[in-house]
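Have a look at the structure below before the remarks.
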Number of protein chains: 4
Amino acid sequence: MADKKLLMFECDYQEGAHPAVIERLAETNLEQEPGYGFDRFSESAREKIRKACDAPDADVFFLAGGSQTNATMIDALLKQYEGVISSSEGHIATNEAGAVEFSGHKVIEVPSHGGKVEADDVAATVESYNAKTNRDHLVMPGMVYISQPTECGTLYSKAELTELRRVCRKYGLPLYADGARLAYALACPENDVTLADLASLTDAFYIGGTKCGALLGEALVIPQHDLVPHMFTIIKQHGALLAKGRAAGVQFDALFTDDLYVRIAAHAIEKAARIRGALQEKGYEFALENPTNQVFVVLDGDTRDRLARDVVLEPWEDLPDGRHVMRIATSWATTHEDVDRLIALL
Amino acid sequence: MADKKLLMFECDYQEGAHPAVIERLAETNLEQEPGYGFDRFSESAREKIRKACDAPDADVFFLAGGSQTNATMIDALLKQYEGVISSSEGHIATNEAGAVEFSGHKVIEVPSHGGKVEADDVAATVESYNAKTNRDHLVMPGMVYISQPTECGTLYSKAELTELRRVCRKYGLPLYADGARLAYALACPENDVTLADLASLTDAFYIGGTKCGALLGEALVIPQHDLVPHMFTIIKQHGALLAKGRAAGVQFDALFTDDLYVRIAAHAIEKAARIRGALQEKGYEFALENPTNQVFVVLDGDTRDRLARDVVLEPWEDLPDGRHVMRIATSWATTHEDVDRLIALL
Amino acid sequence: MADKKLLMFECDYQEGAHPAVIERLAETNLEQEPGYGFDRFSESAREKIRKACDAPDADVFFLAGGSQTNATMIDALLKQYEGVISSSEGHIATNEAGAVEFSGHKVIEVPSHGGKVEADDVAATVESYNAKTNRDHLVMPGMVYISQPTECGTLYSKAELTELRRVCRKYGLPLYADGARLAYALACPENDVTLADLASLTDAFYIGGTKCGALLGEALVIPQHDLVPHMFTIIKQHGALLAKGRAAGVQFDALFTDDLYVRIAAHAIEKAARIRGALQEKGYEFALENPTNQVFVVLDGDTRDRLARDVVLEPWEDLPDGRHVMRIATSWATTHEDVDRLIALL
Amino acid sequence: MADKKLLMFECDYQEGAHPAVIERLAETNLEQEPGYGFDRFSESAREKIRKACDAPDADVFFLAGGSQTNATMIDALLKQYEGVISSSEGHIATNEAGAVEFSGHKVIEVPSHGGKVEADDVAATVESYNAKTNRDHLVMPGMVYISQPTECGTLYSKAELTELRRVCRKYGLPLYADGARLAYALACPENDVTLADLASLTDAFYIGGTKCGALLGEALVIPQHDLVPHMFTIIKQHGALLAKGRAAGVQFDALFTDDLYVRIAAHAIEKAARIRGALQEKGYEFALENPTNQVFVVLDGDTRDRLARDVVLEPWEDLPDGRHVMRIATSWATTHEDVDRLIALL
């Protein structure tokens with residue numbers, strides 16, 4: 001009766017951690033280490049991340065989750081009267097229950113271009129602010145938030161990121177990248193933005209663990225040491241300091257050993273590519289083109305209902321024409337068999 | 001050269017998780033479950049906790065850490081113009097980097113009686129507030145925060161808690177208990193406050209995991225269902241929602257199987273008792289009497305320095321007479337051998 | 001050389017208070033009264049406002065300014081996880097330096113229809129929120145903010161307001177109206193929304209003083225007594241409590257004597273109508289049609305520059321075609337002579 | 001029957017403004033000036049204040065009230081993870097409804113020495129913070145708040161202030177003085193701290209208007225230009241920006257003309273001295289010695305009740321011995337006749 005079980009393709013965090021990560025947690029479990037990230041596992045993970053990012057001076061902190069990391073880092077970078085520029089589809093603008101506003105800051109939305117923020121829109125936002133005679137009555141644009149990959153699964157190219165960086169520099173805006181699914185960007189053949197590029201082109205970014213092989217945890221990287229003085233206390237103030245820093249440190253240490261972080265993501269990308277190929281072959285339409293581990297397919301109501309009998313997909317958006325955008329997500333844990341079964345059902 | 005390694009007795013979160021917890025994480029690792037606490041492990045853990053608390057309608061949420069749980073629950077219970085009454089030694093008053101103030105609320109300090117809040121002090125605080133002609137210009141006392149065991153390792157008796165509850169009820173103040181080390185209270189022979197007592201005598205409390213056998217995680221228990229509407233969103237807003245709720249759920253499911261939570265704490269209590277006995281025998285003085293897993297011993301400078309060559313203790317307080325209060329903490333992981341070695345050194 | 005002085009038409013708060021208001025301040029100046037709004041002038045003003053609003057149970061508070069009143073009342077009405085729906089041109093969305101976000105709440109923008117929020121957009125926003133499977137991760141719509149007249153000088157009709165109210169009721173959303181320039185709405189021949197209508201159709205609104213005849217001060221009206229318990233303390237917490245409540249109370253007492261508030265606004269409306277007529281006659285184009293004391297005229301660059309030599313107008317918006325929207329504002333203080341001079345220059 | 005009217009001595013803000021201030025408001029009333037403090041009256045007042053403070057580069061802002069000014073300036077000076085050191089009797093610690101916490105900051109209380117903060121206590125607080133191994137988990141002391149005169153009516157001497165300044169400098173803490181009743185300090189024969197001293201010894205202070213001759217308004221002085229960039233926007237964000245800045249500007253312009261501010265306070269000091277002399281003569285006891293316009297007298301219950309039939313005093317504190325501390329306040333408006341009548345009643 002095993003085939004009675006529904007296939008699950010609705011998200012990329014349905015399993016625990018990659019087996020190598022769990023194994024490493026078990027192995028190191030009884031070693032005694034100090035708390036709050038001062039353990040040698042966290043130290044080792046930080047060192048590996050610095051190397052992978054070619055950022056020898058980077059401050060690296062491990063937090064439990066993505067929304068928390070975003071809210072904490074944005075609050076750390078902004079002055080009190082500043083807001084954060086984000087795409088209108090940015091996670092902070094849509095899906096974080098107002099965590100940024102909770103710490104007192106406005107999210108200043110710019111148009112989403114397949115999830116991406118365009119440098120021109122940033123420039124226009126700042127120029128428009130600067131041009132206003134009453135600008136001192138407004139929220140000042142204070143930084144830019146992007147996601148790599150974006151919430152739509154698209155990627156910034158190195159050229160796009162360089163241009164964003166140039167504009168941010170011009171206007172004195174820190175650039176911060178949410179890397180909740182960063183592994184799936186790094187593993188993409190289409191991707192030309194390395195960790196070292198992120199470290200040189202942003203002021204801060206986080207390397208997502210929760211959705212990329214860890215049980216939980218995000219590695220926040222601030223390439224310039226002490227860019228934010230007392231970041232440790234700010235993290236504590238936001239309730240985001242892990243007493244057992246090792247819980248995340250051990251996992252990132254494992255993920256950054258032998259390139260595990262990218263290798264397991266490549267598996268997911270390959271599975272997503274197979275699914276995309278099958279969909280295309282069978283004449284399905286995509287809501288948008290994107291190369292990472294999330295596939296956004298357009299289904300009519302009948303097909304959606306038929307598939308729902310065997311496979312769980314994530315409802316993404318209802319189109320004006322009555323059709324539905326559904327998300328199919330793969331992960332490091334997606335099996336060949338499940339992909340075969342899904343394709344057979346299409 | 002094994003004896004070159006320092007003995008570590010400074011805190012109770014130096015290891016990972018209890019082996020049974022790690023094992024359960026490994027066993028369940030590849031099972032696919034939905035996120036955000038809707039997985040069946042979390043559901044099972046919630047059900048076991050409800051049973052252990054004799055609170056069948058309780059809302060139970062799993063968060064990553066203690067300061068986070070405190071800040072979130074306090075913000076959820078208070079109205080905007082209210083403050084939280086806490087002992088002057090309460091964790092929220094001293095050690096959380098202002099996380100309560102960060103969400104806009106004042107911590108109203110009352111005297112610490114060995115870490116405990118006395119019902120009379122709560123009554124006096126509210127009466128004094130009520131008596132003031134300008135009380136509408138002041139922060140209104142809105143709830144009471146206590147810890148069980150307290151930050152000093154002492155315990156509220158059931159009688160004390162009942163009296164606190166009575167006073168809180170009288171003045172309409174929710175009562176909230178921080179149970180970061182709750183297992184060590186429950187396992188104490190001296191303790192007469194059960195989980196069911198906590199559930200009937202408080203409006204909310206959390207069952208600490210991070211310091212009591214879990215890798216991380218706290219189980220927030222709100223005995224009355226929907227006492228706080230939209231608590232899920234409030235948790236998300238505070239950046240405290242775990243995408244992989246299972247990460248905590250599996251652990252609490254293990255800890256609440258076969259009474260593991262209390263059994264492993266009993267081990268720590270027994271070890272602390274042995275250390276206390278040895279100290280007493282050798283004529284050491286205690287900074288305060290307390291029965292849980294933290295021993296607060298007074299050392300003169302020479303003894304402190306001599307011991308520091310072999311064992312790490314936590315500096316707690318410098319006394320006016322030049323002596324030092326040091327904390328010795330045991331945990332579920334403290335070995336018989338380490339206790340022997342420590343005693344030999346005393 | 002009197003004509004060297006520039007004509008000033010850029011805003012409606014360039015003078016002090018209406019002479020009758022100043023006179024009343026002078027007359028009552030040395031009478032001893034208690035502070036914080038408990039003086040008999042404030043009490044008298046409250047009573048007159050309750051009568052004018054046909055709201056005998058209303059709570060009425062006097063605050064110093066509009067942004068302050070908005071931020072305080074919105075924070076008072078919202079639960080912590082809720083946001084406020086506003087037109088994208090709403091003052092709170094654009095011109096208050098993020099004061100709403102500063103108290104932790106998101107401004108949820110809906111399209112501006114000449115400055116107005118349409119009931120359908122409110123319904124669609126809530127329905128869309130409700131339809132989302134992940135809605136507990138989002139900011140919940142918690143109230144609706146409108147302005148009467150709007151920031152564009154337009155007016156809600158009673159029918160529109162009634163429909164908005166119906167939708168708000170349906171979804172449990174308090175409705176709040178910013179009346180910074182309310183006098184100019186009330187004095188408009190086109191207006192069919194009375195103070196009593198506002199009191200019965202909204203949950204709170206403020207009667208603007210600063211821009212309508214007072215030196216400063218806004219009268220916040222909450223028709224249902226104790227709708228917000230401890231509003232006094234919330235006002236104090238926001239730094240908005242006037243120690244000398246009389247400073248505002250005396251002014252509103254004067255403004256609500258013999259209908260002064262509306263009478264002096266009628267003067268401004270008549271002046272604006274004359275200017276509108278002259279502009280129309282001379283073939284000028286309006287950026288939008290509106291009947292209150294603000295005229296939004298479209299000028300080409302040459303005309304703008306020519307006029308700027310003699311008259312100060314407020315730059316409102318630069319159009320894509322290179323032309324400029326300029327605001328001409330009249331007030332209770334606008335003189336016949338100044339209007340003549342302005343018309344002669346057009 | 002005029003003597004049926006109760007004598008009112010409970011506070012110093014029972015009247016409107018000093019007649020010269022009201023007169024100036026009336027005189028300038030119809031002159032057209034821009035808003036938000038850019039009017040020439042505000043500019044003139046700023047210039048006069050700069051001169052009086054011997055601080056030619058000072059930024060000067062006019063706000064409506066004292067709690068507002070405190071909350072705004074403290075939030076402007078602190079980093080997010082910092083708290084403000086205050087005497088336990090400081091206005092921000094006791095009487096501002098948690099406005100400082102509302103903007104996210106903890107008030108760190110030190111002992112009150114007749115209302116004053118002692119330099120040694122500041123040093124001890126910082127040293128203790130620095131000595132803690134877990135200091136990064138605590139709220140960092142970020143500035144010092146004092147009042148001149150204090151809430152107890154006492155005065156800092158220039159020597160005390162200089163010592164406080166030295167300690168603040170040593171630890172990098174901005175020093176801020178609440179001058180709600182500053183005129184009454186300046187007018188005291190015992191006082192040796194001038195406005196220029198305040199400007200050179202603090203980083204910011206405010207010159208109170210509401211309690212010292214104005215209808216309302218406080219002049220916030222930041223001696224070093226641009227010490228806080230974008231202070232204007234921070235004021236707006238706190239809801240504290242006056243649209244008609246002139247409302248406060250005209251008043252301060254009058255108060256700083258011909259030394260009116262100090263002259264009218266001298267009147268109050270002289271009246272307080274007469275009352276103090278009479279009390280002393282008749283054997284009354286003072287709760288504390290202080291030279292300003294507030295007299296804190298100890299009354300037994302019978303005397304309190306007897307006096308209450310004819311004069312309103314402010315209940316200040318109930319003593320353990322059953323007696324009562326009552327405040328008698330004089331102001332610029334206190335008449336010779338009322339003082340005579342009060343003394344006759346004693």
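By convention in this document, the chains of the structure tokens carry letters A, B, ... by their order, each chain's residues are numbered from 1, and ligands are numbered from 1 in the order they are shown.
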Practice prompt. Write down as a ChimeraX atom specification the residues of stretch 317-346 of chain C whose backbone DSSP state falls under strand (DSSP E).
Written response: /C:317-318,324-329
Item to complete: Define the interface residues of chain B facing chain C as those within 7 Å, counting only C-alpha atoms, and report them as an MDAnalysis selection string.
Response: chainID B and resid 81 136:137 232:234 236
Practice prompt. Name the residues of stretch 155-287 of chain B that come out as helix (DSSP H, G or I) in a backbone DSSP run; write them as JSON, numbers by chain.
Written response: {"B": [158, 159, 160, 161, 162, 163, 164, 165, 166, 167, 168, 169, 170, 171, 182, 183, 184, 185, 186, 195, 196, 197, 198, 199, 200, 201, 231, 232, 233, 234, 235, 236, 237, 246, 247, 248, 249, 250, 251, 252, 253, 254, 255, 260, 261, 262, 263, 264, 265, 266, 267, 268, 269, 270, 271, 272, 273, 274, 275, 276, 277, 278, 279, 280, 281]}
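Between atom CA of A:Val295 and atom CA of A:Asp120 lies a distance of 27.7 Å.
Every protein or nucleic acid residue with an atom no more than 8 Å from stretch 67-69 of chain A, counting only C-alpha atoms and leaving out same-chain residues fewer than 4 positions away, appears here: Leu63, Met73, Ile92, Glu96, Ala99, Tyr206, Glu218, Leu220, His238 and Ala240 of chain A; Lys236, His238, Gly239 and Ala240 of chain B.
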Worksheet item: D:Glu43: which residues within 8 Å, counting only C-alpha atoms, same-chain residues fewer than 5 positions away excluded, as a ChimeraX atom specification?
Response: /D:37-38,249
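The shell of residues at most 12 Å from B:Arg323, with only C-alpha atoms counted and near chain neighbours (fewer than 5 positions) removed, consists of Glu285, Phe286, Ala287, Val297, Val298, Leu299, Asp300, Gly301, Asp302, Thr303, Arg304, Asp305, Pro315, Trp316, Glu317 and Asp318 of chain B.
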Writing out the chosen residues with all heavy atoms as a compact mmCIF listing (two decimals), in the first residue's frame:
# COMPACT_ATOMS: atom_id res chain seq x y z
N GLU B 285 31.52 27.24 52.08
CA GLU B 285 30.31 27.99 52.36
C GLU B 285 29.51 28.13 51.06
O GLU B 285 30.08 28.26 49.98
CB GLU B 285 30.74 29.39 52.83
CG GLU B 285 29.68 30.19 53.55
CD GLU B 285 30.26 31.53 53.98
OE1 GLU B 285 31.39 31.56 54.52
OE2 GLU B 285 29.58 32.54 53.75
N PHE B 286 28.19 28.12 51.18
CA PHE B 286 27.34 28.31 50.00
C PHE B 286 26.81 29.74 49.98
O PHE B 286 26.50 30.33 51.02
CB PHE B 286 26.18 27.32 50.00
CG PHE B 286 26.62 25.89 49.91
CD1 PHE B 286 26.60 25.06 51.03
CD2 PHE B 286 27.08 25.38 48.70
CE1 PHE B 286 27.03 23.75 50.94
CE2 PHE B 286 27.50 24.06 48.61
CZ PHE B 286 27.49 23.24 49.73
N ALA B 287 26.70 30.30 48.79
CA ALA B 287 26.16 31.67 48.67
C ALA B 287 24.68 31.66 48.97
O ALA B 287 24.14 32.62 49.52
CB ALA B 287 26.42 32.22 47.27
N VAL B 297 28.91 28.25 45.26
CA VAL B 297 29.86 28.10 46.34
C VAL B 297 30.71 29.37 46.48
O VAL B 297 30.98 30.05 45.48
CB VAL B 297 30.74 26.85 46.11
CG1 VAL B 297 31.64 27.03 44.89
CG2 VAL B 297 31.57 26.51 47.34
N VAL B 298 31.07 29.69 47.71
CA VAL B 298 31.91 30.86 47.95
C VAL B 298 33.36 30.42 48.06
O VAL B 298 33.69 29.53 48.86
CB VAL B 298 31.48 31.57 49.25
CG1 VAL B 298 32.33 32.81 49.49
CG2 VAL B 298 30.00 31.93 49.21
N LEU B 299 34.22 31.02 47.26
CA LEU B 299 35.64 30.67 47.27
C LEU B 299 36.49 31.91 47.54
O LEU B 299 36.18 33.00 47.05
CB LEU B 299 36.06 30.10 45.91
CG LEU B 299 35.31 28.88 45.37
CD1 LEU B 299 35.90 28.46 44.01
CD2 LEU B 299 35.40 27.72 46.36
N ASP B 300 37.58 31.71 48.31
CA ASP B 300 38.50 32.83 48.40
C ASP B 300 39.37 32.83 47.14
O ASP B 300 39.35 31.88 46.35
CB ASP B 300 39.34 32.75 49.68
CG ASP B 300 40.13 31.46 49.78
OD1 ASP B 300 40.68 31.01 48.74
OD2 ASP B 300 40.17 30.88 50.87
N GLY B 301 40.07 33.91 46.93
CA GLY B 301 40.82 34.07 45.69
C GLY B 301 41.80 32.94 45.45
O GLY B 301 41.93 32.43 44.32
N ASP B 302 42.50 32.52 46.49
CA ASP B 302 43.51 31.47 46.30
C ASP B 302 42.87 30.16 45.84
O ASP B 302 43.36 29.51 44.92
CB ASP B 302 44.26 31.22 47.62
CG ASP B 302 45.23 32.36 47.93
OD1 ASP B 302 45.43 33.22 47.02
OD2 ASP B 302 45.77 32.40 49.05
N THR B 303 41.78 29.79 46.53
CA THR B 303 41.11 28.54 46.15
C THR B 303 40.58 28.62 44.73
O THR B 303 40.68 27.69 43.94
CB THR B 303 39.96 28.25 47.14
OG1 THR B 303 40.46 28.35 48.47
CG2 THR B 303 39.38 26.87 46.90
N ARG B 304 39.99 29.77 44.44
CA ARG B 304 39.47 29.95 43.07
C ARG B 304 40.59 29.75 42.05
O ARG B 304 40.44 29.02 41.06
CB ARG B 304 38.87 31.35 42.91
CG ARG B 304 38.24 31.56 41.55
CD ARG B 304 37.93 33.01 41.29
NE ARG B 304 39.16 33.81 41.30
CZ ARG B 304 39.23 35.08 40.92
NH1 ARG B 304 38.13 35.70 40.52
NH2 ARG B 304 40.36 35.75 40.95
N ASP B 305 41.73 30.38 42.31
CA ASP B 305 42.83 30.30 41.34
C ASP B 305 43.40 28.89 41.26
O ASP B 305 43.76 28.40 40.19
CB ASP B 305 43.92 31.30 41.72
CG ASP B 305 43.41 32.74 41.61
OD1 ASP B 305 42.34 32.95 40.99
OD2 ASP B 305 44.08 33.64 42.17
N PRO B 315 32.13 32.26 37.00
CA PRO B 315 32.15 33.35 37.98
C PRO B 315 30.75 33.93 38.10
O PRO B 315 30.13 34.25 37.09
CB PRO B 315 33.11 34.38 37.37
CG PRO B 315 33.32 33.97 35.96
CD PRO B 315 32.87 32.57 35.79
N TRP B 316 30.22 34.04 39.30
CA TRP B 316 28.83 34.47 39.49
C TRP B 316 28.76 35.88 40.07
O TRP B 316 28.03 36.71 39.58
CB TRP B 316 28.09 33.47 40.39
CG TRP B 316 26.63 33.51 40.18
CD1 TRP B 316 25.69 34.03 41.03
CD2 TRP B 316 25.91 33.05 39.03
NE1 TRP B 316 24.43 33.90 40.47
CE2 TRP B 316 24.54 33.30 39.24
CE3 TRP B 316 26.30 32.43 37.83
CZ2 TRP B 316 23.55 32.97 38.32
CZ3 TRP B 316 25.32 32.09 36.90
CH2 TRP B 316 23.97 32.36 37.14
N GLU B 317 29.58 36.09 41.11
CA GLU B 317 29.49 37.39 41.76
C GLU B 317 30.74 37.59 42.61
O GLU B 317 31.26 36.63 43.20
CB GLU B 317 28.25 37.40 42.68
CG GLU B 317 27.84 38.77 43.16
CD GLU B 317 26.75 38.70 44.23
OE1 GLU B 317 26.17 37.61 44.42
OE2 GLU B 317 26.52 39.72 44.89
N ASP B 318 31.22 38.82 42.68
CA ASP B 318 32.33 39.13 43.58
C ASP B 318 31.75 39.72 44.86
O ASP B 318 30.99 40.69 44.81
CB ASP B 318 33.29 40.12 42.92
CG ASP B 318 34.05 39.46 41.78
OD1 ASP B 318 34.22 38.21 41.80
OD2 ASP B 318 34.45 40.17 40.85
Within 12 Å of stretch 252-265 of chain B: each stretch 32-134 of chain B residue with its shortest pair, only C-alpha atoms, as a Markdown table:
| residue | atom | partner | partner_atom | distance |
| --- | --- | --- | --- | --- |
| B:Asp39 | CA | B:Asp253 | CA | 11.6 |
| B:Arg40 | CA | B:Asp253 | CA | 9.9 |
| B:Phe41 | CA | B:Asp253 | CA | 6.5 |
| B:Ser42 | CA | B:Asp253 | CA | 7.0 |
| B:Glu43 | CA | B:Asp253 | CA | 8.7 |
| B:Ser44 | CA | B:Asp253 | CA | 6.3 |
| B:Ala45 | CA | B:Asp253 | CA | 4.1 |
| B:Arg46 | CA | B:Asp253 | CA | 7.8 |
| B:Glu47 | CA | B:Asp253 | CA | 9.0 |
| B:Lys48 | CA | B:Phe256 | CA | 6.2 |
| B:Ile49 | CA | B:Phe256 | CA | 6.8 |
| B:Arg50 | CA | B:Phe256 | CA | 10.3 |
| B:Lys51 | CA | B:Phe256 | CA | 9.7 |
| B:Ala52 | CA | B:Phe256 | CA | 8.0 |
| B:Cys53 | CA | B:Phe256 | CA | 11.0 |
| B:Val60 | CA | B:Phe252 | CA | 11.2 |
| B:Phe61 | CA | B:Phe252 | CA | 10.9 |
| B:Phe62 | CA | B:Phe252 | CA | 8.8 |
| B:Leu63 | CA | B:Phe252 | CA | 11.3 |
| B:Ala64 | CA | B:Phe252 | CA | 12.0 |
For D:His336, list every protein, DNA or RNA residue within 12 Å, evaluated using only C-alpha atoms, and leave out those in the same chain fewer than 5 positions away; present the list as an mmCIF file with N, CA, C and O atoms, in the first residue's frame.
data_model
loop_
_atom_site.group_PDB
_atom_site.id
_atom_site.type_symbol
_atom_site.label_atom_id
_atom_site.label_comp_id
_atom_site.auth_asym_id
_atom_site.auth_seq_id
_atom_site.Cartn_x
_atom_site.Cartn_y
_atom_site.Cartn_z
ATOM 1 N N HIS D 267 10.761 85.501 40.031
ATOM 2 C CA HIS D 267 9.527 85.785 40.769
ATOM 3 C C HIS D 267 9.064 84.538 41.542
ATOM 4 O O HIS D 267 8.717 84.615 42.724
ATOM 5 N N ALA D 268 9.079 83.436 40.873
ATOM 6 C CA ALA D 268 8.616 82.180 41.500
ATOM 7 C C ALA D 268 9.548 81.757 42.629
ATOM 8 O O ALA D 268 9.111 81.252 43.672
ATOM 9 N N GLU D 270 11.394 83.664 44.457
ATOM 10 C CA GLU D 270 11.189 84.583 45.586
ATOM 11 C C GLU D 270 9.947 84.162 46.368
ATOM 12 O O GLU D 270 9.940 84.134 47.601
ATOM 13 N N LYS D 271 8.893 83.786 45.657
ATOM 14 C CA LYS D 271 7.658 83.357 46.328
ATOM 15 C C LYS D 271 7.889 82.047 47.097
ATOM 16 O O LYS D 271 7.406 81.881 48.221
ATOM 17 N N ALA D 272 8.633 81.135 46.488
ATOM 18 C CA ALA D 272 8.916 79.864 47.169
ATOM 19 C C ALA D 272 9.734 80.118 48.425
ATOM 20 O O ALA D 272 9.519 79.489 49.473
ATOM 21 N N ARG D 274 9.709 82.770 50.284
ATOM 22 C CA ARG D 274 8.813 83.308 51.332
ATOM 23 C C ARG D 274 8.047 82.181 52.014
ATOM 24 O O ARG D 274 7.907 82.157 53.238
ATOM 25 N N ILE D 275 7.537 81.262 51.197
ATOM 26 C CA ILE D 275 6.762 80.144 51.753
ATOM 27 C C ILE D 275 7.656 79.271 52.624
ATOM 28 O O ILE D 275 7.292 78.877 53.735
ATOM 29 N N THR D 330 5.379 77.049 43.215
ATOM 30 C CA THR D 330 5.094 78.418 42.772
ATOM 31 C C THR D 330 5.465 78.519 41.298
ATOM 32 O O THR D 330 6.103 77.626 40.749
ATOM 33 N N SER D 331 5.061 79.599 40.689
ATOM 34 C CA SER D 331 5.410 79.791 39.276
ATOM 35 C C SER D 331 5.535 81.276 38.994
ATOM 36 O O SER D 331 5.359 82.106 39.904
ATOM 37 N N ARG D 341 -2.168 84.541 51.591
ATOM 38 C CA ARG D 341 -3.281 83.714 52.053
ATOM 39 C C ARG D 341 -2.793 82.328 52.477
ATOM 40 O O ARG D 341 -3.225 81.784 53.485
ATOM 41 N N LEU D 342 -1.885 81.775 51.688
ATOM 42 C CA LEU D 342 -1.349 80.461 52.049
ATOM 43 C C LEU D 342 -0.644 80.515 53.397
ATOM 44 O O LEU D 342 -0.876 79.674 54.273
ATOM 45 N N ILE D 343 0.211 81.507 53.555
ATOM 46 C CA ILE D 343 0.984 81.610 54.795
ATOM 47 C C ILE D 343 0.050 81.787 55.986
ATOM 48 O O ILE D 343 0.245 81.190 57.056
#
Practice prompt. Do a neighbour search on C:Ala329 at 6 Å with only C-alpha atoms, toss out local chain neighbours closer than 5 positions, and write the hits as a list of chain:residue names.
Written response: C:Phe9, C:Glu10, C:Cys11, C:Asp12, C:Asn293, C:Gln294
Serialized selection, N, CA, C and O atoms, as a JSON list (two decimals), in the first residue's frame:
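Wrote out-v8.json, looks like this:
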[["chain", "number", "residue", "atom", "x", "y", "z"],
["C", 9, "PHE", "N", 0.80, 81.10, -1.35],
["C", 9, "PHE", "CA", -0.36, 80.23, -1.53],
["C", 9, "PHE", "C", 0.03, 78.75, -1.43],
["C", 9, "PHE", "O", -0.69, 77.89, -1.89],
["C", 10, "GLU", "N", 1.18, 78.48, -0.83],
["C", 10, "GLU", "CA", 1.65, 77.10, -0.91],
["C", 10, "GLU", "C", 1.05, 76.17, 0.15],
["C", 10, "GLU", "O", 1.08, 74.96, 0.00],
["C", 11, "CYS", "N", 0.52, 76.71, 1.23],
["C", 11, "CYS", "CA", -0.10, 75.82, 2.20],
["C", 11, "CYS", "C", -1.13, 76.56, 3.03],
["C", 11, "CYS", "O", -1.32, 77.78, 2.85],
["C", 12, "ASP", "N", -1.80, 75.86, 3.90],
["C", 12, "ASP", "CA", -2.87, 76.47, 4.67],
["C", 12, "ASP", "C", -2.53, 76.57, 6.16],
["C", 12, "ASP", "O", -3.41, 76.56, 7.00],
["C", 293, "ASN", "N", -10.16, 73.16, -0.32],
["C", 293, "ASN", "CA", -9.33, 74.36, -0.33],
["C", 293, "ASN", "C", -7.98, 74.20, -1.00],
["C", 293, "ASN", "O", -7.13, 75.08, -0.90],
["C", 294, "GLN", "N", -7.77, 73.05, -1.61],
["C", 294, "GLN", "CA", -6.52, 72.85, -2.32],
["C", 294, "GLN", "C", -6.81, 72.70, -3.81],
["C", 294, "GLN", "O", -7.62, 71.89, -4.20]]
